[in-house]
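Printed here is coords_35.txt (compact mmCIF, C-alpha atoms):
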# COMPACT_ATOMS: atom_id res chain seq x y z
CA MET Q 158 0.00 0.00 0.00
CA ARG Q 159 1.51 3.29 -1.14
CA ILE Q 160 0.51 6.72 0.15
CA CYS Q 161 0.97 10.07 -1.54
CA TYR Q 162 0.86 12.83 1.10
CA VAL Q 163 -0.07 16.23 -0.34
CA ALA Q 164 0.20 19.41 1.73
CA TYR Q 165 0.56 23.16 1.26
CA PRO Q 166 2.54 24.45 4.26
CA ASN Q 167 2.86 28.22 4.21
CA SER Q 168 6.43 28.11 5.52
CA LEU Q 169 9.26 25.70 4.71
CA ARG Q 170 11.12 26.97 7.78
CA LEU Q 171 8.37 26.01 10.22
CA ARG Q 172 7.19 29.56 10.96
CA SER Q 173 3.56 28.53 11.42
CA ALA Q 174 1.69 25.89 13.40
CA ASN Q 175 0.40 24.46 10.12
CA ALA Q 176 3.94 23.94 8.87
CA VAL Q 177 5.13 22.48 12.19
CA GLN Q 178 2.28 19.96 12.30
CA THR Q 179 2.74 19.01 8.65
CA HIS Q 180 6.47 18.49 9.07
CA ALA Q 181 6.22 16.48 12.28
CA THR Q 182 3.46 14.24 10.93
CA LEU Q 183 5.34 13.68 7.70
CA ARG Q 184 8.59 12.90 9.47
CA ALA Q 185 6.87 10.22 11.56
CA LEU Q 186 4.96 8.92 8.54
CA LYS Q 187 8.10 8.51 6.45
CA THR Q 188 9.72 6.59 9.29
CA LEU Q 189 6.84 4.10 9.44
CA ALA Q 190 6.09 4.03 5.69
CA PRO Q 191 9.29 4.93 3.79
CA ASP Q 192 7.64 4.47 0.38
CA THR Q 193 5.35 7.44 1.05
CA LEU Q 194 5.68 10.18 -1.55
CA ALA Q 195 5.28 13.58 0.09
CA ILE Q 196 4.65 16.62 -2.08
CA VAL Q 197 4.87 20.25 -0.92
CA PRO Q 198 5.32 23.51 -2.86
CA ARG Q 199 8.54 25.48 -2.95
CA VAL Q 200 7.04 28.48 -1.14
CA GLU Q 201 10.38 29.97 -0.06
CA ALA Q 202 13.81 30.17 -1.61
CA GLY Q 203 16.78 28.49 0.04
CA PRO Q 204 17.02 25.46 2.29
CA GLY Q 205 14.02 24.38 4.32
CA ALA Q 206 12.89 21.79 6.83
CA PHE Q 207 11.18 19.68 4.15
CA ASP Q 208 14.35 19.18 2.07
CA GLY Q 209 15.03 15.45 1.78
CA LEU Q 210 11.62 14.70 3.25
CA ALA Q 211 9.30 15.79 0.44
CA LEU Q 212 9.30 16.45 -3.28
CA HIS Q 213 8.97 20.16 -4.01
CA LEU Q 214 6.78 21.37 -6.84
CA PRO Q 215 7.06 24.98 -8.00
CA ARG Q 216 4.84 27.54 -6.37
CA ILE Q 217 3.05 29.69 -8.92
CA GLY Q 218 2.63 32.86 -6.85
CA ILE Q 219 -0.82 33.85 -8.01
CA GLY Q 220 -1.69 34.84 -4.44
CA ARG Q 221 0.69 37.79 -4.71
CA LEU Q 222 -1.86 39.47 -6.97
CA SER Q 223 -3.85 40.18 -3.82
CA ARG Q 224 -1.58 43.22 -3.50
CA ILE Q 225 -3.43 44.64 -6.48
CA TYR Q 226 -6.91 43.41 -5.57
CA ARG Q 227 -7.17 42.05 -2.04
CA SER Q 228 -8.97 38.73 -2.22
CA THR Q 229 -8.50 35.15 -1.04
CA LEU Q 230 -9.70 34.05 -4.47
CA TRP Q 231 -6.15 34.57 -5.77
CA TYR Q 232 -4.95 31.98 -3.27
CA TYR Q 233 -7.71 29.60 -4.35
CA ALA Q 234 -6.36 29.94 -7.89
CA GLU Q 235 -2.78 29.39 -6.69
CA ARG Q 236 -3.70 26.20 -4.88
CA SER Q 237 -5.76 25.02 -7.82
CA VAL Q 238 -2.72 25.26 -10.10
CA TYR Q 239 -0.69 23.36 -7.50
CA ALA Q 240 -3.33 20.62 -7.34
CA TRP Q 241 -3.27 20.31 -11.13
CA MET Q 242 0.52 19.94 -11.04
CA VAL Q 243 0.17 17.18 -8.46
CA LEU Q 244 -2.38 15.43 -10.68
CA ALA Q 245 -0.11 15.78 -13.71
CA LEU Q 246 2.86 14.35 -11.79
CA LEU Q 247 0.95 11.36 -10.41
CA THR Q 248 -0.61 10.63 -13.80
CA TRP Q 249 2.82 10.74 -15.43
CA LEU Q 250 4.28 8.41 -12.78
CA ARG Q 251 1.45 5.98 -13.38
CA LEU Q 252 1.71 5.97 -17.17
CA ALA Q 253 5.48 6.28 -17.65
CA TYR Q 254 6.77 4.26 -14.71
CA ARG Q 255 3.74 2.22 -13.64
CA ARG Q 256 4.19 3.76 -10.19
CA ARG Q 257 0.72 3.88 -8.73
CA PHE Q 258 -0.38 5.18 -5.34
CA ASP Q 259 -3.30 3.56 -3.57
CA VAL Q 260 -4.27 6.58 -1.45
CA ILE Q 261 -3.70 10.32 -1.74
CA TYR Q 262 -3.83 11.91 1.71
CA VAL Q 263 -4.43 15.65 1.39
CA ARG Q 264 -4.75 18.36 4.04
CA GLU Q 265 -5.54 21.52 2.07
CA VAL Q 266 -9.09 22.35 1.03
CA ILE Q 267 -8.63 23.52 -2.57
CA CYS Q 268 -6.21 20.69 -3.29
CA ALA Q 269 -8.72 18.30 -1.75
CA LEU Q 270 -11.42 19.65 -4.05
CA TRP Q 271 -9.53 18.94 -7.27
CA LEU Q 272 -7.96 15.69 -6.12
CA ALA Q 273 -11.29 14.29 -4.95
CA LEU Q 274 -12.89 15.18 -8.29
CA LEU Q 275 -10.11 14.04 -10.64
CA ALA Q 276 -7.53 11.80 -8.94
CA PRO Q 277 -9.49 8.51 -8.87
CA ARG Q 278 -9.96 8.58 -12.65
CA LEU Q 279 -6.54 9.99 -13.60
CA THR Q 280 -4.30 8.24 -11.08
CA GLY Q 281 -6.31 5.31 -9.76
CA ALA Q 282 -5.82 6.54 -6.20
CA ARG Q 283 -8.52 7.04 -3.61
CA VAL Q 284 -8.51 10.30 -1.68
CA VAL Q 285 -8.56 10.90 2.08
CA TYR Q 286 -9.03 14.52 3.12
CA GLU Q 287 -7.84 15.80 6.51
CA VAL Q 288 -10.47 18.48 7.05
CA HIS Q 289 -9.67 21.25 9.55
CA ASP Q 290 -12.88 23.27 9.23
CA LEU Q 291 -15.58 24.33 6.82
CA GLU Q 292 -14.19 26.74 4.24
CA SER Q 293 -17.38 28.79 4.59
CA ARG Q 294 -16.35 29.49 8.23
CA ASN Q 295 -12.63 29.99 7.62
CA PRO Q 296 -11.53 33.44 8.92
CA SER Q 297 -9.32 33.73 5.81
CA ARG Q 298 -12.02 32.71 3.34
CA ALA Q 299 -13.03 34.76 0.31
CA LYS Q 300 -15.25 37.60 1.55
CA GLU Q 301 -16.88 38.72 -1.71
CA GLY Q 302 -20.65 38.37 -1.49
CA TRP Q 303 -20.96 36.77 -4.90
CA ALA Q 304 -18.36 34.14 -3.91
CA GLN Q 305 -20.25 32.79 -0.91
CA PRO Q 306 -22.17 30.13 -2.91
CA LEU Q 307 -18.76 28.96 -4.19
CA LEU Q 308 -17.59 28.40 -0.60
CA TYR Q 309 -20.60 26.24 0.20
CA LEU Q 310 -20.00 24.26 -3.00
CA ILE Q 311 -16.36 23.74 -2.00
CA ASP Q 312 -17.48 22.47 1.40
CA ARG Q 313 -20.04 20.09 -0.09
CA LEU Q 314 -17.67 18.61 -2.64
CA THR Q 315 -14.65 18.28 -0.35
CA LEU Q 316 -16.73 16.69 2.40
CA THR Q 317 -18.70 14.27 0.23
CA ARG Q 318 -16.46 13.27 -2.69
CA PRO Q 319 -13.33 11.87 -0.96
CA ALA Q 320 -13.36 8.18 -0.08
CA ALA Q 321 -12.99 9.14 3.60
CA LEU Q 322 -12.24 12.06 5.88
CA THR Q 323 -10.08 12.57 8.91
CA SER Q 324 -10.89 15.25 11.48
CA LEU Q 325 -8.85 16.80 14.27
CA THR Q 326 -11.79 16.46 16.68
CA ALA Q 327 -14.74 14.18 17.33
CA THR Q 328 -16.78 17.35 17.90
CA PHE Q 329 -16.36 18.34 14.26
CA ARG Q 330 -17.06 14.78 13.07
CA ASP Q 331 -20.31 14.82 15.01
CA MET Q 332 -21.21 18.22 13.56
CA LEU Q 333 -20.76 16.84 10.04
CA ALA Q 334 -23.07 13.97 10.95
CA SER Q 335 -25.71 16.29 12.41
CA THR Q 336 -25.81 18.34 9.20
CA GLY Q 337 -25.99 15.24 7.04
CA LEU Q 338 -22.77 16.08 5.19
CA ARG Q 339 -20.98 12.83 6.05
CA ASP Q 340 -21.67 9.54 7.76
CA PRO Q 341 -19.59 9.61 10.98
CA CYS Q 342 -18.52 6.05 10.20
CA GLU Q 343 -16.51 7.48 7.30
CA VAL Q 344 -14.66 10.05 9.41
CA ALA Q 345 -11.66 9.06 11.53
CA VAL Q 346 -10.48 11.37 14.33
CA LEU Q 347 -6.77 12.23 14.14
CA PRO Q 348 -6.01 14.91 16.75
CA ASP Q 349 -2.89 17.02 16.69
CA ALA Q 350 0.12 15.75 18.59
CA TYR Q 351 3.40 16.71 20.24
CA ASP Q 352 7.05 15.81 19.78
CA GLU Q 353 7.90 13.64 22.76
CA THR Q 354 11.64 14.07 22.13
CA ARG Q 355 11.31 17.81 22.69
CA TYR Q 356 8.35 18.39 25.03
CA ALA Q 357 8.92 16.62 28.34
CA PRO Q 358 8.97 17.68 32.02
CA GLN Q 359 11.90 19.86 33.11
CA ASP Q 360 12.85 21.41 36.42
CA ARG Q 361 11.23 24.83 36.74
CA ASP Q 362 13.98 26.51 38.76
CA ALA Q 363 16.72 25.21 36.45
CA ALA Q 364 14.82 26.57 33.45
CA ARG Q 365 14.50 29.98 35.11
CA ARG Q 366 18.20 30.09 35.89
CA ALA Q 367 19.04 29.18 32.29
CA LEU Q 368 16.83 32.02 31.05
CA GLY Q 369 17.91 34.53 33.69
CA LEU Q 370 14.38 34.87 35.08
CA SER Q 371 13.51 35.91 38.61
CA ASN Q 372 11.65 33.60 40.99
CA GLU Q 373 8.17 35.11 40.92
CA PRO Q 374 4.75 33.74 39.94
CA THR Q 375 5.03 33.30 36.20
CA ILE Q 376 2.45 32.79 33.46
CA VAL Q 377 3.62 31.88 29.96
CA TYR Q 378 1.95 31.94 26.57
CA ALA Q 379 3.91 30.77 23.52
CA GLY Q 380 2.82 30.93 19.90
CA LEU Q 381 4.20 31.60 16.44
CA THR Q 382 1.51 34.24 16.03
CA PHE Q 383 -0.78 36.02 18.49
CA ALA Q 384 -3.50 36.95 16.00
CA TYR Q 385 -7.02 35.75 16.85
CA ARG Q 386 -5.74 33.89 19.93
CA GLY Q 387 -7.14 36.20 22.61
CA VAL Q 388 -3.79 37.46 23.90
CA ASP Q 389 -5.38 40.88 24.42
CA LEU Q 390 -7.89 39.17 26.74
CA LEU Q 391 -4.97 37.66 28.63
CA LEU Q 392 -3.47 41.11 29.21
CA ASP Q 393 -6.81 42.32 30.56
CA ALA Q 394 -6.88 39.34 32.93
CA LEU Q 395 -3.35 40.10 34.15
CA VAL Q 396 -4.64 43.42 35.55
CA ASP Q 397 -6.64 41.38 38.06
CA THR Q 398 -3.79 38.94 38.74
CA PRO Q 399 -1.53 41.02 41.01
CA GLY Q 400 2.05 39.97 41.62
CA ALA Q 401 2.25 37.74 38.54
CA ARG Q 402 4.58 38.11 35.57
CA LEU Q 403 3.42 37.25 32.06
CA ILE Q 404 5.90 36.08 29.43
CA LEU Q 405 4.72 36.14 25.82
CA VAL Q 406 6.95 34.08 23.53
CA GLY Q 407 6.69 34.50 19.76
CA GLY Q 408 4.30 36.57 17.69
CA ARG Q 409 4.97 38.89 14.80
CA ASP Q 410 6.65 42.26 15.31
CA ALA Q 411 3.42 44.22 14.72
CA GLU Q 412 1.52 41.96 17.14
CA ARG Q 413 4.08 42.44 19.89
CA THR Q 414 4.09 46.20 19.35
CA ALA Q 415 0.31 46.44 19.64
CA LEU Q 416 0.21 44.28 22.75
CA ALA Q 417 3.04 46.22 24.39
CA ALA Q 418 1.04 49.41 23.85
CA GLN Q 419 -2.02 47.76 25.42
CA ALA Q 420 0.03 46.63 28.42
CA GLN Q 421 1.25 50.18 28.95
CA ARG Q 422 -2.31 51.55 28.76
CA LEU Q 423 -3.41 49.00 31.34
CA GLY Q 424 -0.54 49.92 33.68
CA ILE Q 425 1.01 46.44 33.61
CA GLY Q 426 3.86 47.11 31.18
CA GLU Q 427 6.51 46.26 33.77
CA ARG Q 428 4.89 42.87 34.41
CA VAL Q 429 4.83 41.71 30.79
CA THR Q 430 7.93 40.36 29.05
CA PHE Q 431 7.96 39.95 25.26
CA ILE Q 432 10.29 37.36 23.76
CA ASP Q 433 10.91 37.18 20.02
CA THR Q 434 10.02 34.00 18.14
CA GLN Q 435 12.39 31.31 19.36
CA PRO Q 436 13.89 28.23 17.69
CA GLN Q 437 11.71 25.20 18.35
CA GLU Q 438 14.32 23.56 20.54
CA ARG Q 439 14.34 26.57 22.90
CA VAL Q 440 10.58 26.99 23.38
CA PRO Q 441 10.29 24.14 25.94
CA LEU Q 442 12.70 26.01 28.22
CA TYR Q 443 10.25 28.91 28.49
CA LEU Q 444 7.35 26.53 29.07
CA ALA Q 445 9.30 24.77 31.81
CA ALA Q 446 9.94 28.11 33.54
CA ALA Q 447 6.21 28.72 34.00
CA ASP Q 448 3.97 28.10 36.98
CA VAL Q 449 0.95 28.26 34.68
CA LEU Q 450 0.62 27.92 30.91
CA VAL Q 451 -2.38 29.56 29.31
CA ILE Q 452 -4.43 29.40 26.11
CA PRO Q 453 -6.75 32.43 26.31
CA ASP Q 454 -8.68 31.56 23.15
CA THR Q 455 -8.61 29.51 19.94
CA VAL Q 456 -9.13 30.50 16.31
CA THR Q 457 -11.85 27.87 15.84
CA ASP Q 458 -14.28 26.09 18.14
CA VAL Q 459 -15.51 22.63 17.04
CA THR Q 460 -12.23 22.01 15.21
CA ALA Q 461 -9.95 23.47 17.89
CA SER Q 462 -6.89 21.28 18.37
CA PRO Q 463 -4.05 23.72 19.06
CA LEU Q 464 -0.54 22.31 19.05
CA LYS Q 465 0.30 24.35 22.13
CA LEU Q 466 -2.29 22.47 24.22
CA PHE Q 467 -0.48 19.19 23.59
CA GLU Q 468 2.92 20.75 24.14
CA TYR Q 469 1.84 22.52 27.33
CA MET Q 470 0.36 19.36 28.84
CA ALA Q 471 3.43 17.33 27.86
CA MET Q 472 5.61 19.75 29.86
CA GLU Q 473 3.74 18.77 33.04
CA ARG Q 474 2.56 22.26 33.88
CA ALA Q 475 -0.88 23.46 34.97
CA VAL Q 476 -2.84 24.68 31.95
CA VAL Q 477 -5.72 27.16 31.69
CA CYS Q 478 -7.76 27.02 28.48
CA PRO Q 479 -11.25 27.74 27.13
CA ASP Q 480 -14.10 25.41 27.98
CA LEU Q 481 -14.70 23.92 24.54
CA PRO Q 482 -15.83 20.34 23.85
CA ALA Q 483 -13.03 19.94 21.32
CA LEU Q 484 -10.40 20.77 23.96
CA ARG Q 485 -12.04 18.54 26.57
CA GLU Q 486 -11.50 15.65 24.17
CA ILE Q 487 -7.79 16.00 24.97
CA THR Q 488 -7.83 17.22 28.58
CA GLY Q 489 -10.62 14.88 29.69
CA GLY Q 490 -11.90 17.87 31.65
CA ASP Q 491 -9.45 17.24 34.47
CA GLY Q 492 -6.14 17.70 32.65
CA ALA Q 493 -6.55 21.48 32.54
CA LEU Q 494 -8.55 24.21 34.21
CA HIS Q 495 -11.28 25.25 31.76
CA VAL Q 496 -12.85 28.72 31.78
CA PRO Q 497 -15.78 30.12 29.77
CA ARG Q 498 -14.58 31.33 26.41
CA GLY Q 499 -14.09 35.10 26.20
CA ASP Q 500 -14.70 35.65 29.94
CA GLY Q 501 -11.78 37.78 31.13
CA ALA Q 502 -12.93 37.79 34.76
CA ALA Q 503 -13.09 33.99 34.82
CA LEU Q 504 -9.67 33.79 33.21
CA ALA Q 505 -8.19 36.10 35.85
CA ALA Q 506 -9.87 34.11 38.64
CA ALA Q 507 -8.46 30.84 37.26
CA LEU Q 508 -4.96 32.30 37.10
CA ARG Q 509 -5.19 33.61 40.66
CA THR Q 510 -6.49 30.26 41.92
CA LEU Q 511 -3.65 28.29 40.38
CA LEU Q 512 -0.91 30.72 41.38
CA ASP Q 513 -2.15 30.60 44.97
CA ASP Q 514 -2.56 26.80 45.15
CA SER Q 515 0.60 24.83 44.39
CA ALA Q 516 -1.11 21.52 45.21
CA LEU Q 517 -3.80 22.14 42.61
CA ARG Q 518 -1.16 23.13 40.08
CA GLN Q 519 0.67 19.88 40.67
CA THR Q 520 -2.50 17.81 40.42
CA LEU Q 521 -3.48 19.43 37.12
CA ALA Q 522 0.05 19.13 35.75
CA LEU Q 523 0.33 15.42 36.49
CA ARG Q 524 -3.13 14.64 35.17
CA GLY Q 525 -2.50 16.69 32.03
CA ARG Q 526 0.74 14.84 31.37
CA GLU Q 527 -1.08 11.54 31.77
CA ARG Q 528 -3.91 12.59 29.46
CA VAL Q 529 -1.66 13.80 26.65
CA ALA Q 530 0.80 10.89 26.72
CA PRO Q 531 -0.85 8.95 23.83
CA TYR Q 532 -0.82 11.90 21.43
CA THR Q 533 2.62 11.56 19.89
CA TYR Q 534 3.34 12.07 16.21
CA THR Q 535 4.43 8.45 15.90
CA ARG Q 536 1.00 7.27 17.02
CA ARG Q 537 -0.68 9.85 14.82
CA ALA Q 538 1.23 8.59 11.79
CA ALA Q 539 0.43 4.98 12.64
CA ARG Q 540 -3.27 5.79 12.79
CA LEU Q 541 -3.04 7.71 9.51
CA ILE Q 542 -1.51 4.64 7.87
CA ALA Q 543 -4.24 2.41 9.31
CA VAL Q 544 -6.91 4.70 7.84
CA CYS Q 545 -5.23 4.65 4.42
CA GLU Q 546 -4.91 0.87 4.50
CA ARG Q 547 -8.60 0.48 5.23
CA VAL Q 548 -9.49 2.90 2.42
CA ALA Q 549 -7.15 1.17 -0.05
CA GLN Q 550 -8.73 -2.21 0.66
CA ALA Q 551 -12.30 -1.02 0.11
CA ARG Q 552 -14.03 -0.60 -3.23
CA ASP Q 553 -16.59 1.92 -2.03
CA ARG Q 554 -17.17 4.01 1.08
CA VAL Q 555 -15.57 2.46 4.13
CA CYS Q 556 -16.11 2.62 7.87
CA ILE Q 557 -12.91 3.96 9.43
CA ASN Q 558 -13.90 5.68 12.68
CA GLU Q 559 -12.96 2.60 14.70
CA VAL Q 560 -9.47 2.29 13.17
Once you've parsed the file, please lay out its structure as structure tokens.
Amino acid sequence: MRICYVAYPNSLRLRSANAVQTHATLRALKTLAPDTLAIVPRVEAGPGAFDGLALHLPRIGIGRLSRIYRSTLWYYAERSVYAWMVLALLTWLRLAYRRRFDVIYVREVICALWLALLAPRLTGARVVYEVHDLESRNPSRAKEGWAQPLLYLIDRLTLTRPAALTSLTATFRDMLASTGLRDPCEVAVLPDAYDETRYAPQDRDAARRALGLSNEPTIVYAGLTFAYRGVDLLLDALVDTPGARLILVGGRDAERTALAAQAQRLGIGERVTFIDTQPQERVPLYLAAADVLVIPDTVTDVTASPLKLFEYMAMERAVVCPDLPALREITGGDGALHVPRGDGAALAAALRTLLDDSALRQTLALRGRERVAPYTYTRRAARLIAVCERVAQARDRVCINEV
């Protein structure tokens, strides 16, 4: 059974959560199934993390035309061209070299659209789509009024035409079932994961000494970007969390500048430390230095499966996060302290409670570590392979949610 893994990471140097998750999954997948052909676009010049791991196809930068007319439709066109190149390559491999792939596993919506429509006939491969959300609800979707019917058509085709789907959360799978878009039997749940070689418990005081941090109650948030993650809500909550220091690791320059200005307006500027985006191997040191790790909000709701939740819990630190069913799938409800989404007062109260109660912090930390232990990239890749094997063996739709 041969798999072709198709992705469209927006950074070859792992500057986004999407790229990090794609790279880590692919690395584990290639270890377990070396014959896997991975295909990604050459989105940046120079060396990148995917070199030697995936075949690079050229990126036709149609999306850059959004500088002339701002629209996501340019990016739809760019990804469409990429999907057609993938189809041309796989068709050529089949005809010229008799190299056929049983399953194409794709994790980008526009690529999934074209591959689901054309790949079975042209390449003989069945398609599995890793769906992260409805395109009609995507914050980055096309906003033109006349394009909205197109978004709903994209959703319908990408959710119904592939041989099977995988979802990051059972909550989203159940939503698809409730709307009649897909039989839940045909949707396997593959949550995000963490790198167990990098994210593991470390001594807090040693981490603080290594970073030159003082020994005071410390809250940490780490992310490649702060946009749409509720970090402004976290600053508001810090006003009502006296005596605590907040360390924000990552974010873009403009995001850090705006948040620093907010902190000054709130009178907490001296209690907030901004750290530039760090190499992946250094991020765990900041997480280890924390008393409490926090996720103030998520970009999505029923599909929420943030990498940082897995990484936080793996570090064996108390975690505060929104009370969403999708997150409870991972925490079990007792592996983190959940607060109502968007409630700054509740967030501040949760932070105060944990900073004042070391026993509760320890209990949450240990339970969180226990809950997250199964969610490694190796296990994620093994489950992905099992799904593809089941799909490859079937002639029609196949039940995969018990794989």
Top pick for closest residue to Pro319 (chain Q), considering Q:Pro277, Q:Gly205, Q:Gly492, Q:Gly525 and counting all atoms listed in the file: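 When distances to Pro319 (chain Q) are compared using all atoms listed in the file, the smallest one comes from Q:Pro277.
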Nearest residue to Gly369 (chain Q) from the set Q:Ala530, Q:Ile219, Q:Ala446, Q:Leu230 (distances using all atoms listed in the file):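 Smallest distance to Gly369 (chain Q) is found for Q:Ala446.
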Selected residue, from Q:Leu466, Q:Ala461, Q:Val456, Q:Leu314, that lies nearest to Leu481 (chain Q) when counting only C-alpha atoms: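 Going through Q:Leu466, Q:Ala461, Q:Val456, Q:Leu314 one by one, the smallest distance to Leu481 (chain Q) is for Q:Ala461.
Ranking Q:Ala549, Q:Ala357, Q:Leu316, Q:Leu517 by their shortest atom-to-atom distance to Leu494 (chain Q), with only C-alpha atoms included, puts Q:Leu517 first.
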Of the listed residues Q:Ile452, Q:Leu464, Q:Leu214, Q:Leu244, that which approaches Pro497 (chain Q) most closely, counting only C-alpha atoms: Q:Ile452
From Q:Ala543, Q:Leu279, Q:Ile487, Q:Val197, residue lying nearest Glu265 (chain Q) [all atoms listed in the file]: Q:Val197
Please give the centre and size of the box around region 258-275 of chain Q (axis-aligned, containing every atom listed in the file, 5 Å added per side), with values in Å to one decimal and written as lines of an AutoDock Vina configuration file.
center_x = -6.6
center_y = 13.5
center_z = -3.3
size_x = 22.5
size_y = 30.0
size_z = 24.7
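Taking CA of Thr488 (chain Q) as the reference point, CA of Thr535 (chain Q) is found at 19.7 Å.
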CA of Glu287 (chain Q) to CA of Val177 (chain Q), straight-line distance in Å: 15.7 Å
